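See below for structure-v6.txt, which holds compact mmCIF, C-alpha atoms and all ligand atoms.
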# COMPACT_ATOMS: atom_id res chain seq x y z
CA MET A 1 82.27 57.93 113.66
CA ALA A 2 84.58 60.19 115.71
CA VAL A 3 87.89 61.01 114.06
CA GLN A 4 90.84 60.65 116.36
CA GLN A 5 93.88 62.56 115.16
CA GLU A 6 96.48 60.93 117.38
CA PRO A 7 95.18 57.38 117.93
CA GLU A 8 98.36 56.05 119.49
CA GLU A 9 99.22 59.06 121.63
CA SER A 10 99.95 58.24 125.28
CA LEU A 11 99.28 60.64 128.16
CA ASP A 12 103.00 61.43 128.36
CA GLN A 13 103.18 62.16 124.66
CA PHE A 14 100.08 64.34 124.93
CA SER A 15 101.62 66.23 127.86
CA TYR A 16 104.72 66.89 125.83
CA ARG A 17 102.70 68.07 122.82
CA LEU A 18 100.53 70.27 125.02
CA GLY A 19 103.65 71.83 126.52
CA GLN A 20 104.93 72.58 123.01
CA ILE A 21 101.62 74.22 122.09
CA VAL A 22 101.84 76.48 125.15
CA GLU A 23 105.49 77.28 124.51
CA ASN A 24 104.83 78.15 120.88
CA GLY A 25 101.85 80.34 121.81
CA LEU A 26 103.91 82.28 124.34
CA THR A 27 106.86 82.60 121.96
CA SER A 28 104.47 83.91 119.34
CA LEU A 29 103.33 86.62 121.77
CA SER A 30 106.94 87.70 122.36
CA ILE A 31 107.60 87.73 118.60
CA ALA A 32 104.58 90.00 118.16
CA PHE A 33 106.01 92.24 120.88
CA GLY A 34 109.29 92.51 118.97
CA VAL A 35 107.45 93.30 115.72
CA LYS A 36 105.14 95.93 117.16
CA SER A 37 107.68 97.62 119.48
CA GLY A 38 110.29 97.92 116.70
CA LEU A 39 112.91 95.82 118.57
CA PHE A 40 113.33 93.55 115.56
CA ASP A 41 113.83 96.58 113.29
CA VAL A 42 116.79 97.72 115.40
CA LEU A 43 118.32 94.23 115.44
CA VAL A 44 117.86 93.92 111.67
CA GLU A 45 119.52 97.30 111.08
CA ASN A 46 122.46 96.15 113.22
CA HIS A 47 122.69 92.53 112.13
CA HIS A 48 126.36 92.98 111.16
CA THR A 49 127.24 94.28 114.62
CA PRO A 50 125.88 92.08 117.43
CA MET A 51 124.54 94.16 120.35
CA THR A 52 124.40 93.84 124.11
CA SER A 53 120.98 94.19 125.71
CA GLN A 54 122.00 97.70 126.85
CA GLU A 55 123.04 98.73 123.32
CA LEU A 56 119.78 97.42 121.88
CA ALA A 57 117.75 99.14 124.62
CA ASP A 58 119.56 102.45 124.04
CA ALA A 59 119.16 102.25 120.27
CA ALA A 60 115.43 101.52 120.68
CA SER A 61 114.93 104.09 123.50
CA MET A 62 113.65 101.36 125.78
CA LYS A 63 114.32 100.07 129.28
CA GLU A 64 117.20 97.58 129.33
CA ARG A 65 115.64 95.36 131.97
CA TYR A 66 112.59 94.55 129.83
CA VAL A 67 114.60 94.33 126.62
CA ARG A 68 116.86 91.76 128.29
CA GLU A 69 113.82 89.64 129.16
CA TRP A 70 112.54 89.83 125.59
CA LEU A 71 115.97 88.84 124.28
CA GLY A 72 115.83 85.77 126.54
CA ALA A 73 112.54 84.75 124.93
CA MET A 74 113.91 85.30 121.42
CA ALA A 75 117.25 83.58 122.13
CA GLY A 76 115.36 80.62 123.64
CA ALA A 77 113.36 80.36 120.42
CA ARG A 78 116.60 80.63 118.39
CA ILE A 79 115.31 83.67 116.49
CA VAL A 80 118.10 85.77 118.00
CA LEU A 81 121.52 84.27 118.69
CA LEU A 82 123.45 84.98 121.90
CA ASP A 83 127.24 84.81 121.88
CA PRO A 84 128.06 83.56 125.41
CA ALA A 85 131.57 85.03 125.30
CA THR A 86 130.56 88.62 124.47
CA GLN A 87 126.94 88.57 125.72
CA ARG A 88 125.94 90.11 122.41
CA PHE A 89 122.82 89.28 120.39
CA HIS A 90 122.18 89.23 116.65
CA ILE A 91 119.73 87.90 114.07
CA PRO A 92 121.43 85.28 111.88
CA GLY A 93 121.90 86.48 108.28
CA GLN A 94 120.12 83.52 106.69
CA ILE A 95 116.75 84.39 108.31
CA LEU A 96 116.86 88.14 107.65
CA ASP A 97 114.37 87.86 104.77
CA ALA A 98 111.68 87.03 107.31
CA PHE A 99 111.99 90.64 108.52
CA LYS A 100 111.76 92.19 105.03
CA LYS A 101 108.41 93.52 103.89
CA TRP A 102 106.39 91.46 101.37
CA THR A 103 108.37 88.23 101.78
CA PRO A 104 106.16 85.17 102.48
CA GLN A 105 108.05 84.68 105.77
CA ASN A 106 107.33 88.26 106.80
CA LYS A 107 103.63 87.59 106.35
CA ILE A 108 103.95 84.75 108.89
CA LEU A 109 105.98 86.95 111.24
CA LEU A 110 103.35 89.71 111.12
CA SER A 111 100.59 87.19 111.76
CA THR A 112 101.92 86.70 115.31
CA LYS A 113 100.20 90.05 116.03
CA SER A 114 96.86 88.28 115.73
CA ILE A 115 97.43 86.71 119.16
CA PRO A 116 97.47 89.92 121.25
CA PHE A 117 94.78 91.45 119.04
CA LEU A 118 92.42 88.51 119.36
CA SER A 119 93.15 88.29 123.08
CA GLU A 120 91.67 91.77 123.54
CA VAL A 121 88.21 90.21 123.18
CA PHE A 122 88.98 87.10 125.24
CA ASN A 123 86.91 88.22 128.25
CA ASP A 124 84.11 89.54 126.03
CA MET A 125 83.91 86.16 124.33
CA LEU A 126 83.52 84.45 127.69
CA GLU A 127 80.25 86.44 127.97
CA VAL A 128 79.21 86.11 124.31
CA VAL A 129 79.46 82.31 124.40
CA LYS A 130 76.90 82.11 127.25
CA LYS A 131 73.30 81.29 126.28
CA GLU A 132 72.09 84.49 127.93
CA GLY A 133 75.13 86.57 126.93
CA PRO A 134 75.38 89.19 124.13
CA ILE A 135 74.76 87.82 120.60
CA GLY A 136 78.15 88.91 119.25
CA LEU A 137 80.76 91.65 119.21
CA PRO A 138 80.46 95.10 117.63
CA PHE A 139 83.12 95.89 115.00
CA SER A 140 84.34 98.66 117.34
CA LYS A 141 85.57 95.90 119.70
CA ALA A 142 87.63 94.44 116.88
CA GLU A 143 89.30 97.63 115.65
CA THR A 144 92.86 96.58 116.50
CA PHE A 145 92.31 93.26 114.74
CA THR A 146 91.77 95.30 111.56
CA GLU A 147 95.47 96.17 111.70
CA TYR A 148 96.35 92.47 111.53
CA GLU A 149 93.84 91.89 108.71
CA CYS A 150 95.20 94.85 106.77
CA ASP A 151 98.77 93.49 107.05
CA SER A 152 97.56 90.18 105.78
CA SER A 153 95.44 91.44 102.88
CA GLU A 154 98.04 94.07 101.96
CA TRP A 155 100.53 91.24 101.47
CA PHE A 156 98.11 89.61 99.00
CA TYR A 157 97.39 92.88 97.20
CA LYS A 158 101.05 93.94 96.89
CA THR A 159 102.39 90.53 95.81
CA GLN A 160 99.48 88.80 94.05
CA LEU A 161 96.77 91.21 92.84
CA LEU A 162 98.41 92.53 89.66
CA GLN A 163 100.95 89.74 89.37
CA VAL A 164 98.70 86.67 89.70
CA PHE A 165 95.03 87.39 90.42
CA ILE A 166 94.03 89.84 87.63
CA PRO A 167 95.98 87.96 84.90
CA SER A 168 94.16 84.77 86.00
CA ILE A 169 90.92 86.32 84.64
CA PRO A 170 91.90 87.42 81.08
CA PRO A 171 88.54 89.03 80.15
CA LEU A 172 88.73 91.13 83.31
CA GLN A 173 92.24 92.34 82.57
CA THR A 174 91.14 93.43 79.09
CA LYS A 175 88.05 95.19 80.46
CA LEU A 176 90.03 96.99 83.17
CA SER A 177 92.53 98.24 80.60
CA GLY A 178 89.70 99.48 78.36
CA GLY A 179 87.80 101.23 81.16
CA ILE A 180 85.10 99.75 83.40
CA LYS A 181 83.46 100.47 86.75
CA MET A 182 84.39 98.25 89.68
CA LEU A 183 82.89 97.95 93.17
CA ASP A 184 84.97 96.65 96.11
CA VAL A 185 82.53 95.52 98.83
CA GLY A 186 83.96 95.72 102.38
CA CYS A 187 87.01 97.49 100.96
CA GLY A 188 88.72 97.99 104.35
CA ARG A 189 91.36 100.69 103.99
CA GLY A 190 91.13 100.58 100.19
CA VAL A 191 94.48 98.99 99.36
CA ALA A 192 93.13 96.87 96.47
CA THR A 193 91.22 99.71 94.82
CA ARG A 194 94.17 102.10 95.08
CA ILE A 195 96.54 99.60 93.45
CA LEU A 196 94.02 98.93 90.67
CA ALA A 197 93.22 102.63 90.21
CA GLY A 198 96.92 103.35 89.69
CA GLN A 199 97.35 100.48 87.26
CA PHE A 200 94.13 100.99 85.24
CA PRO A 201 93.62 104.77 84.87
CA ARG A 202 90.71 104.38 82.39
CA SER A 203 88.61 102.46 84.91
CA GLN A 204 86.58 103.86 87.83
CA PHE A 205 86.79 102.25 91.27
CA VAL A 206 84.33 102.50 94.15
CA GLY A 207 85.06 101.06 97.59
CA ILE A 208 82.42 100.71 100.29
CA ASP A 209 82.84 99.76 103.93
CA PHE A 210 80.70 100.27 107.00
CA GLY A 211 83.78 100.99 109.11
CA GLU A 212 83.90 104.80 109.25
CA ASP A 213 87.63 104.88 110.07
CA ASN A 214 88.45 102.53 107.21
CA VAL A 215 86.74 104.83 104.73
CA LYS A 216 88.46 107.91 106.16
CA ILE A 217 91.89 106.25 105.90
CA ALA A 218 91.15 104.96 102.37
CA ARG A 219 90.15 108.47 101.21
CA GLU A 220 93.26 110.06 102.72
CA PHE A 221 95.60 107.56 101.05
CA ALA A 222 93.88 108.01 97.68
CA LYS A 223 94.22 111.79 98.00
CA ASN A 224 97.92 111.50 98.89
CA GLU A 225 98.45 109.32 95.83
CA ASN A 226 96.58 111.86 93.62
CA LEU A 227 94.17 109.19 92.41
CA THR A 228 91.12 110.72 90.73
CA ASN A 229 89.48 107.48 89.56
CA VAL A 230 88.67 106.05 92.98
CA GLU A 231 86.06 106.98 95.60
CA TYR A 232 85.05 105.55 98.97
CA HIS A 233 81.69 105.48 100.71
CA ASN A 234 80.70 104.65 104.24
CA LEU A 235 77.79 102.31 103.44
CA ASP A 236 76.15 99.08 104.53
CA ALA A 237 76.50 96.69 101.60
CA ALA A 238 72.99 95.38 102.31
CA LYS A 239 71.56 98.81 101.30
CA LEU A 240 73.25 100.18 98.20
CA PRO A 241 72.10 103.47 96.60
CA GLU A 242 69.16 103.22 94.16
CA GLU A 243 71.07 105.12 91.48
CA TRP A 244 73.73 102.39 91.35
CA THR A 245 71.34 99.91 89.69
CA CYS A 246 73.04 98.14 86.70
CA THR A 247 76.18 100.32 86.86
CA PHE A 248 79.09 98.04 87.87
CA ASP A 249 80.99 95.81 85.45
CA TYR A 250 82.96 94.02 88.16
CA VAL A 251 82.33 93.43 91.87
CA PHE A 252 85.03 92.22 94.25
CA PHE A 253 84.79 90.72 97.75
CA PHE A 254 88.08 89.94 99.50
CA ASN A 255 87.68 88.08 102.78
CA VAL A 256 84.29 89.71 103.26
CA LEU A 257 81.40 87.32 102.51
CA HIS A 258 81.85 85.28 105.69
CA ASP A 259 82.16 88.47 107.78
CA LEU A 260 78.75 89.77 106.68
CA ALA A 261 75.77 89.48 108.99
CA ARG A 262 73.40 89.04 106.03
CA PRO A 263 75.39 87.92 102.97
CA ASP A 264 72.06 86.93 101.38
CA LEU A 265 70.84 90.57 101.41
CA VAL A 266 74.23 91.84 100.26
CA LEU A 267 74.28 89.45 97.28
CA LYS A 268 70.77 90.59 96.34
CA GLU A 269 71.95 94.21 96.31
CA VAL A 270 75.14 93.35 94.47
CA LYS A 271 73.14 91.55 91.77
CA ARG A 272 70.99 94.65 91.39
CA VAL A 273 73.97 96.97 90.86
CA MET A 274 75.75 94.66 88.39
CA ALA A 275 75.49 95.68 84.71
CA SER A 276 74.69 93.03 82.10
CA GLU A 277 77.73 90.80 81.40
CA ALA A 278 79.28 91.91 84.69
CA LEU A 279 81.53 89.59 86.69
CA MET A 280 81.89 89.12 90.43
CA SER A 281 84.81 87.64 92.39
CA ALA A 282 84.54 86.41 95.95
CA LEU A 283 87.83 85.48 97.60
CA GLU A 284 87.52 83.42 100.74
CA VAL A 285 89.76 81.49 103.12
CA ILE A 286 90.66 78.03 101.80
CA ALA A 287 88.49 75.56 103.69
CA SER A 288 86.16 72.66 103.23
CA SER A 289 82.60 72.86 104.57
CA ASP A 290 83.30 69.58 106.35
CA MET A 291 85.23 69.99 109.62
CA VAL A 292 86.52 66.44 109.20
CA ASP A 293 88.40 67.56 106.06
CA ASN A 294 89.64 70.75 107.71
CA ILE A 295 91.18 68.99 110.69
CA LYS A 296 93.53 67.18 108.31
CA SER A 297 95.04 70.54 107.26
CA PRO A 298 97.87 72.21 109.19
CA GLY A 299 96.17 75.63 109.50
CA CYS A 300 92.91 74.25 110.89
CA SER A 301 93.17 75.27 114.53
CA LYS A 302 94.37 78.75 113.53
CA MET A 303 91.44 79.20 111.13
CA TYR A 304 88.79 78.26 113.70
CA THR A 305 90.51 80.44 116.33
CA TYR A 306 90.32 83.50 114.03
CA SER A 307 86.71 82.65 113.44
CA LEU A 308 85.85 82.16 117.12
CA PHE A 309 87.41 85.43 118.29
CA HIS A 310 86.69 87.65 115.29
CA CYS A 311 84.80 86.67 112.13
CA LEU A 312 81.95 84.81 113.80
CA PRO A 313 81.15 87.23 116.67
CA VAL A 314 81.37 90.36 114.48
CA SER A 315 79.07 88.85 111.88
CA CYS A 316 76.66 87.54 114.55
CA ASN A 317 76.19 90.93 116.21
CA THR A 318 73.05 91.67 114.17
CA PRO A 319 69.84 89.79 115.03
CA GLY A 320 69.05 87.32 112.25
CA SER A 321 72.68 87.04 111.18
CA LEU A 322 73.57 83.90 109.23
CA GLY A 323 76.80 83.36 111.24
CA LEU A 324 78.78 81.72 108.44
CA GLY A 325 82.19 81.67 110.18
CA THR A 326 85.62 81.73 108.50
CA ALA A 327 85.53 78.01 107.73
CA TRP A 328 82.14 77.87 105.95
CA GLY A 329 84.11 76.36 103.09
CA LYS A 330 84.05 75.76 99.38
CA GLU A 331 80.97 73.54 99.13
CA ALA A 332 78.71 75.79 101.24
CA ALA A 333 79.97 78.93 99.48
CA THR A 334 79.31 77.39 96.04
CA GLU A 335 75.75 76.42 97.02
CA PHE A 336 75.11 79.80 98.64
CA LEU A 337 76.26 81.77 95.59
CA LYS A 338 74.10 79.62 93.29
CA GLU A 339 71.06 79.89 95.58
CA HIS A 340 71.40 83.66 95.51
CA GLY A 341 71.34 84.00 91.75
CA PHE A 342 74.99 83.63 90.71
CA LYS A 343 76.42 81.33 88.07
CA ILE A 344 79.83 79.97 89.11
CA GLU A 345 82.21 80.50 86.17
CA SER A 346 85.20 78.98 87.99
CA VAL A 347 86.54 78.09 91.43
CA THR A 348 90.32 78.35 91.69
CA GLN A 349 92.78 78.30 94.52
CA THR A 350 95.95 80.32 95.12
CA SER A 351 96.48 81.69 98.61
CA ARG A 352 92.67 82.10 98.71
CA GLN A 353 89.66 80.23 97.35
CA GLN A 354 88.48 82.31 94.39
CA PHE A 355 84.92 82.14 93.11
CA LEU A 356 84.41 83.87 89.76
CA CYS A 357 80.71 84.41 89.06
CA SER A 358 78.29 86.02 86.68
CA VAL A 359 74.60 86.71 87.30
CA SER A 360 72.45 83.66 86.50
CA PRO A 361 69.83 84.23 83.84
CA GLU A 362 66.39 84.55 85.59
C1 LIG B 1 88.02 91.02 106.78
S1 LIG B 1 87.75 92.69 106.43
C2 LIG B 1 88.35 92.75 104.75
C3 LIG B 1 88.71 94.13 104.33
C4 LIG B 1 89.27 94.28 102.92
N1 LIG B 1 88.49 93.63 101.89
C5 LIG B 1 90.70 93.84 102.88
O1 LIG B 1 91.01 92.97 102.12
O2 LIG B 1 91.53 94.39 103.61
C6 LIG B 1 85.98 92.75 106.20
C7 LIG B 1 85.47 94.14 105.94
O3 LIG B 1 84.08 94.08 105.66
C8 LIG B 1 83.47 95.24 106.21
N2 LIG B 1 82.03 94.95 106.36
C9 LIG B 1 81.46 93.98 107.11
N3 LIG B 1 80.12 94.01 106.97
C10 LIG B 1 79.84 95.02 106.09
C11 LIG B 1 78.64 95.55 105.54
N4 LIG B 1 77.43 95.06 105.86
N5 LIG B 1 78.74 96.56 104.66
C12 LIG B 1 79.94 97.10 104.33
N6 LIG B 1 81.11 96.64 104.83
C13 LIG B 1 81.06 95.62 105.70
C14 LIG B 1 84.21 95.44 107.53
O4 LIG B 1 84.11 96.77 107.99
C15 LIG B 1 85.64 95.06 107.14
O5 LIG B 1 86.40 96.18 106.74

Can the structure in the file be given as structure tokens, please?
Amino acid sequence: MAVQQEPEESLDQFSYRLGQIVENGLTSLSIAFGVKSGLFDVLVENHHTPMTSQELADAASMKERYVREWLGAMAGARIVLLDPATQRFHIPGQILDAFKKWTPQNKILLSTKSIPFLSEVFNDMLEVVKKEGPIGLPFSKAETFTEYECDSSEWFYKTQLLQVFIPSIPPLQTKLSGGIKMLDVGCGRGVATRILAGQFPRSQFVGIDFGEDNVKIAREFAKNENLTNVEYHNLDAAKLPEEWTCTFDYVFFFNVLHDLARPDLVLKEVKRVMASEALMSALEVIASSDMVDNIKSPGCSKMYTYSLFHCLPVSCNTPGSLGLGTAWGKEAATEFLKEHGFKIESVTQTSRQQFLCSVSPE
């Protein structure tokens, strides 16, 4: 039976709601513009001294005419206040935390950048969706989206990894303190491994990613931080080196399984490189495998939009890809992990769905 979300909604009510959706989308684009251009930074620095559009433009080395238009968008959204008497703008003190790094509100603010980033592949997706069109998008088409993903995962790593996630697995914390070898699959720019390498100097950390730039950036950061217990390799996780067999005590996937073209092959390789008694964590977006359940959640449309414009097409770009999509969900992930030789030790939920696994006995 079809599920209708707004059974009583009239055409007028729908028109109004549709208008709000458009307005919010456009406002979000202007917010992203303020984040990326640095306009918000200047307003935050000067929040005690409201500024005219000319003062803001001068302080930001930008053209006043465009800055004035942006201020109109932000004042209309009541993110910036305009004093009609003085024609000066400021950010109200009580919302300043939203502009401070690592606050939960700042994570939301930064996520507005996903709209321009995802829009870069809008026209490509109009071709990909066609029956005769390309099968997906190469990762190179999604490079700017990586910046958004890094913001988002960095927030998790800086505020949750050592504070919440590692302590939630007591045997892992003990092992990391004593000295183990950990593999981060699809490590991106290596934020997680660098934080862990700094915190657990007796352990060895290996990050792999098939994005060449990611690996280069990860290596540079590790060098700048003088970390000697972390290394990065530009590798496809579906083909790990022979000499890694039975060498890792802990394997970590953060937001990666659903992005893989062949997660089945990757899990096979990961199982091979895990030592006896090793653990594996897969952190995924919180979702049900049933769309009917997902549409009851507030973030549903956002989750499927990320999937449509990024996760799904990049994972589908290889012939034979499984095309899991961001919203493959808890039930499907549980089944998949079991089918591919993993025993689920626990499934927990914080800001992500966390699957803690060991290798099933043959
Ligand atoms: C959503 S990003 C997550 C990055 C990182 N874990 C983080 O939290 O920032 C997924 C990553 O998986 C990498 N990836 C996708 N398929 C891969 C494969 N077959 N082998 C290695 N890395 C892969 C991508 O390059 C990308 O950096």

- [ ] Considering all atoms listed in the file, return as a list in words whatever protein or nucleic-acid residues lie within 12 Å of Leu162 in chain A, sequence-local ones (same chain, fewer than 6 positions apart) excluded.
- [x]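 In the requested form, the answer reads Phe156, Ser168, Ile169, Pro170, Leu172, Gln173, Leu176, Ala192, Thr193, Arg194, Ile195, Leu196, Ala197, Gly198, Gln199 and Phe200 of chain A.
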
What would the file look like if the residues just selected were written as an mmCIF file, keeping the file's coordinate frame with C-alpha atoms?
data_model
loop_
_atom_site.group_PDB
_atom_site.id
_atom_site.type_symbol
_atom_site.label_atom_id
_atom_site.label_comp_id
_atom_site.auth_asym_id
_atom_site.auth_seq_id
_atom_site.Cartn_x
_atom_site.Cartn_y
_atom_site.Cartn_z
ATOM 1 C CA PHE A 156 98.110 89.610 99.000
ATOM 2 C CA SER A 168 94.160 84.770 86.000
ATOM 3 C CA ILE A 169 90.920 86.320 84.640
ATOM 4 C CA PRO A 170 91.900 87.420 81.080
ATOM 5 C CA LEU A 172 88.730 91.130 83.310
ATOM 6 C CA GLN A 173 92.240 92.340 82.570
ATOM 7 C CA LEU A 176 90.030 96.990 83.170
ATOM 8 C CA ALA A 192 93.130 96.870 96.470
ATOM 9 C CA THR A 193 91.220 99.710 94.820
ATOM 10 C CA ARG A 194 94.170 102.100 95.080
ATOM 11 C CA ILE A 195 96.540 99.600 93.450
ATOM 12 C CA LEU A 196 94.020 98.930 90.670
ATOM 13 C CA ALA A 197 93.220 102.630 90.210
ATOM 14 C CA GLY A 198 96.920 103.350 89.690
ATOM 15 C CA GLN A 199 97.350 100.480 87.260
ATOM 16 C CA PHE A 200 94.130 100.990 85.240
#

Kindly provide, as a short mmCIF file (atom, residue, chain, number, x, y, z; two decimals) with C-alpha atoms, in the coordinates of the input, all nucleotide and amino acid residues lying within 9 Å of ligand LIG 1 (chain B), counting only C-alpha atoms and all ligand atoms.
data_model
loop_
_atom_site.label_atom_id
_atom_site.label_comp_id
_atom_site.auth_asym_id
_atom_site.auth_seq_id
_atom_site.Cartn_x
_atom_site.Cartn_y
_atom_site.Cartn_z
CA PHE A 139 83.12 95.89 115.00
CA THR A 146 91.77 95.30 111.56
CA GLU A 149 93.84 91.89 108.71
CA CYS A 150 95.20 94.85 106.77
CA ASP A 151 98.77 93.49 107.05
CA SER A 152 97.56 90.18 105.78
CA SER A 153 95.44 91.44 102.88
CA GLU A 154 98.04 94.07 101.96
CA PHE A 156 98.11 89.61 99.00
CA TYR A 157 97.39 92.88 97.20
CA ASP A 184 84.97 96.65 96.11
CA VAL A 185 82.53 95.52 98.83
CA GLY A 186 83.96 95.72 102.38
CA CYS A 187 87.01 97.49 100.96
CA GLY A 188 88.72 97.99 104.35
CA ARG A 189 91.36 100.69 103.99
CA GLY A 190 91.13 100.58 100.19
CA VAL A 191 94.48 98.99 99.36
CA ALA A 192 93.13 96.87 96.47
CA ILE A 208 82.42 100.71 100.29
CA ASP A 209 82.84 99.76 103.93
CA PHE A 210 80.70 100.27 107.00
CA GLY A 211 83.78 100.99 109.11
CA GLU A 212 83.90 104.80 109.25
CA ASN A 214 88.45 102.53 107.21
CA VAL A 215 86.74 104.83 104.73
CA ASN A 234 80.70 104.65 104.24
CA LEU A 235 77.79 102.31 103.44
CA ASP A 236 76.15 99.08 104.53
CA ALA A 237 76.50 96.69 101.60
CA ALA A 238 72.99 95.38 102.31
CA LYS A 239 71.56 98.81 101.30
CA PHE A 252 85.03 92.22 94.25
CA PHE A 253 84.79 90.72 97.75
CA PHE A 254 88.08 89.94 99.50
CA ASN A 255 87.68 88.08 102.78
CA VAL A 256 84.29 89.71 103.26
CA LEU A 257 81.40 87.32 102.51
CA HIS A 258 81.85 85.28 105.69
CA ASP A 259 82.16 88.47 107.78
CA LEU A 260 78.75 89.77 106.68
CA ALA A 261 75.77 89.48 108.99
CA ARG A 262 73.40 89.04 106.03
CA PRO A 263 75.39 87.92 102.97
CA VAL A 266 74.23 91.84 100.26
CA CYS A 311 84.80 86.67 112.13
CA VAL A 314 81.37 90.36 114.48
CA SER A 315 79.07 88.85 111.88
#

Would you mind listing what lies within 12 Å of Pro171 in chain A as a short mmCIF file (atom, residue, chain, number, x, y, z; two decimals) with C-alpha atoms, in the frame of the given file, with all atoms listed in the file counted and same-chain residues fewer than 2 positions away left out?
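Output file out16.cif follows:
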data_model
loop_
_atom_site.label_atom_id
_atom_site.label_comp_id
_atom_site.auth_asym_id
_atom_site.auth_seq_id
_atom_site.Cartn_x
_atom_site.Cartn_y
_atom_site.Cartn_z
CA ILE A 166 94.03 89.84 87.63
CA PRO A 167 95.98 87.96 84.90
CA SER A 168 94.16 84.77 86.00
CA ILE A 169 90.92 86.32 84.64
CA GLN A 173 92.24 92.34 82.57
CA THR A 174 91.14 93.43 79.09
CA LYS A 175 88.05 95.19 80.46
CA LEU A 176 90.03 96.99 83.17
CA SER A 177 92.53 98.24 80.60
CA GLY A 178 89.70 99.48 78.36
CA ILE A 180 85.10 99.75 83.40
CA ASP A 249 80.99 95.81 85.45
CA TYR A 250 82.96 94.02 88.16
CA GLU A 277 77.73 90.80 81.40
CA ALA A 278 79.28 91.91 84.69
CA LEU A 279 81.53 89.59 86.69
CA LEU A 356 84.41 83.87 89.76
#

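Residues within 10 Å of Asn294 in chain A, counting all atoms listed in the file and excluding same-chain residues fewer than 6 positions away, are Ile286, Ala287, Ser288, Cys300, Ser301, Met303, Tyr304, Ala327 and Gly329 of chain A.
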
Open item on the list: Applying 10 Å and only C-alpha atoms, which residues near Thr159 in chain A remain after dropping the ones on its own chain fewer than 5 positions away? List them as a PyMOL selection string.
Closed with: chain A and resi 102-104+153-154+164-165

Task: Spatial neighbours of Leu29 in chain A, 8 Å, only C-alpha atoms, chain gap at least 2 places, as a list in words - done: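 That gives Gly25, Leu26, Thr27, Ile31, Ala32, Phe33, Thr112, Lys113, Ile115 and Pro116 of chain A.
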
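The shortest atom-to-atom distance to Val285 in chain A, with only C-alpha atoms taken into account, belongs to A:Trp328 out of A:Trp155, A:Phe14, A:Phe205, A:Trp328.
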
Kindly output range 157-171 of chain A as an mmCIF file, keeping the file's coordinate frame, after building N, CA and C atoms.
data_model
loop_
_atom_site.group_PDB
_atom_site.id
_atom_site.type_symbol
_atom_site.label_atom_id
_atom_site.label_comp_id
_atom_site.auth_asym_id
_atom_site.auth_seq_id
_atom_site.Cartn_x
_atom_site.Cartn_y
_atom_site.Cartn_z
ATOM 1 N N TYR A 157 97.569 91.857 98.230
ATOM 2 C CA TYR A 157 97.390 92.880 97.200
ATOM 3 C C TYR A 157 98.728 93.278 96.570
ATOM 4 N N LYS A 158 99.771 93.452 97.404
ATOM 5 C CA LYS A 158 101.050 93.940 96.890
ATOM 6 C C LYS A 158 101.796 92.852 96.098
ATOM 7 N N THR A 159 101.580 91.575 96.460
ATOM 8 C CA THR A 159 102.390 90.530 95.810
ATOM 9 C C THR A 159 101.592 89.683 94.815
ATOM 10 N N GLN A 160 100.255 89.714 94.894
ATOM 11 C CA GLN A 160 99.480 88.800 94.050
ATOM 12 C C GLN A 160 98.445 89.484 93.134
ATOM 13 N N LEU A 161 97.926 90.640 93.548
ATOM 14 C CA LEU A 161 96.770 91.210 92.840
ATOM 15 C C LEU A 161 97.051 91.443 91.353
ATOM 16 N N LEU A 162 98.094 92.238 91.057
ATOM 17 C CA LEU A 162 98.410 92.530 89.660
ATOM 18 C C LEU A 162 99.237 91.421 89.029
ATOM 19 N N GLN A 163 100.015 90.736 89.868
ATOM 20 C CA GLN A 163 100.950 89.740 89.370
ATOM 21 C C GLN A 163 100.264 88.420 89.032
ATOM 22 N N VAL A 164 99.290 88.003 89.845
ATOM 23 C CA VAL A 164 98.700 86.670 89.700
ATOM 24 C C VAL A 164 97.175 86.731 89.504
ATOM 25 N N PHE A 165 96.500 87.471 90.386
ATOM 26 C CA PHE A 165 95.030 87.390 90.420
ATOM 27 C C PHE A 165 94.379 87.954 89.140
ATOM 28 N N ILE A 166 94.686 89.217 88.805
ATOM 29 C CA ILE A 166 94.030 89.840 87.630
ATOM 30 C C ILE A 166 94.389 89.067 86.347
ATOM 31 N N PRO A 167 95.682 88.720 86.118
ATOM 32 C CA PRO A 167 95.980 87.960 84.900
ATOM 33 C C PRO A 167 95.273 86.599 84.845
ATOM 34 N N SER A 168 94.837 86.075 86.016
ATOM 35 C CA SER A 168 94.160 84.770 86.000
ATOM 36 C C SER A 168 92.737 84.882 85.449
ATOM 37 N N ILE A 169 92.260 86.121 85.238
ATOM 38 C CA ILE A 169 90.920 86.320 84.640
ATOM 39 C C ILE A 169 91.110 87.186 83.386
ATOM 40 N N PRO A 170 91.547 86.600 82.253
ATOM 41 C CA PRO A 170 91.900 87.420 81.080
ATOM 42 C C PRO A 170 90.824 88.403 80.638
ATOM 43 N N PRO A 171 89.513 88.022 80.603
ATOM 44 C CA PRO A 171 88.540 89.030 80.150
ATOM 45 C C PRO A 171 88.498 90.255 81.071
#
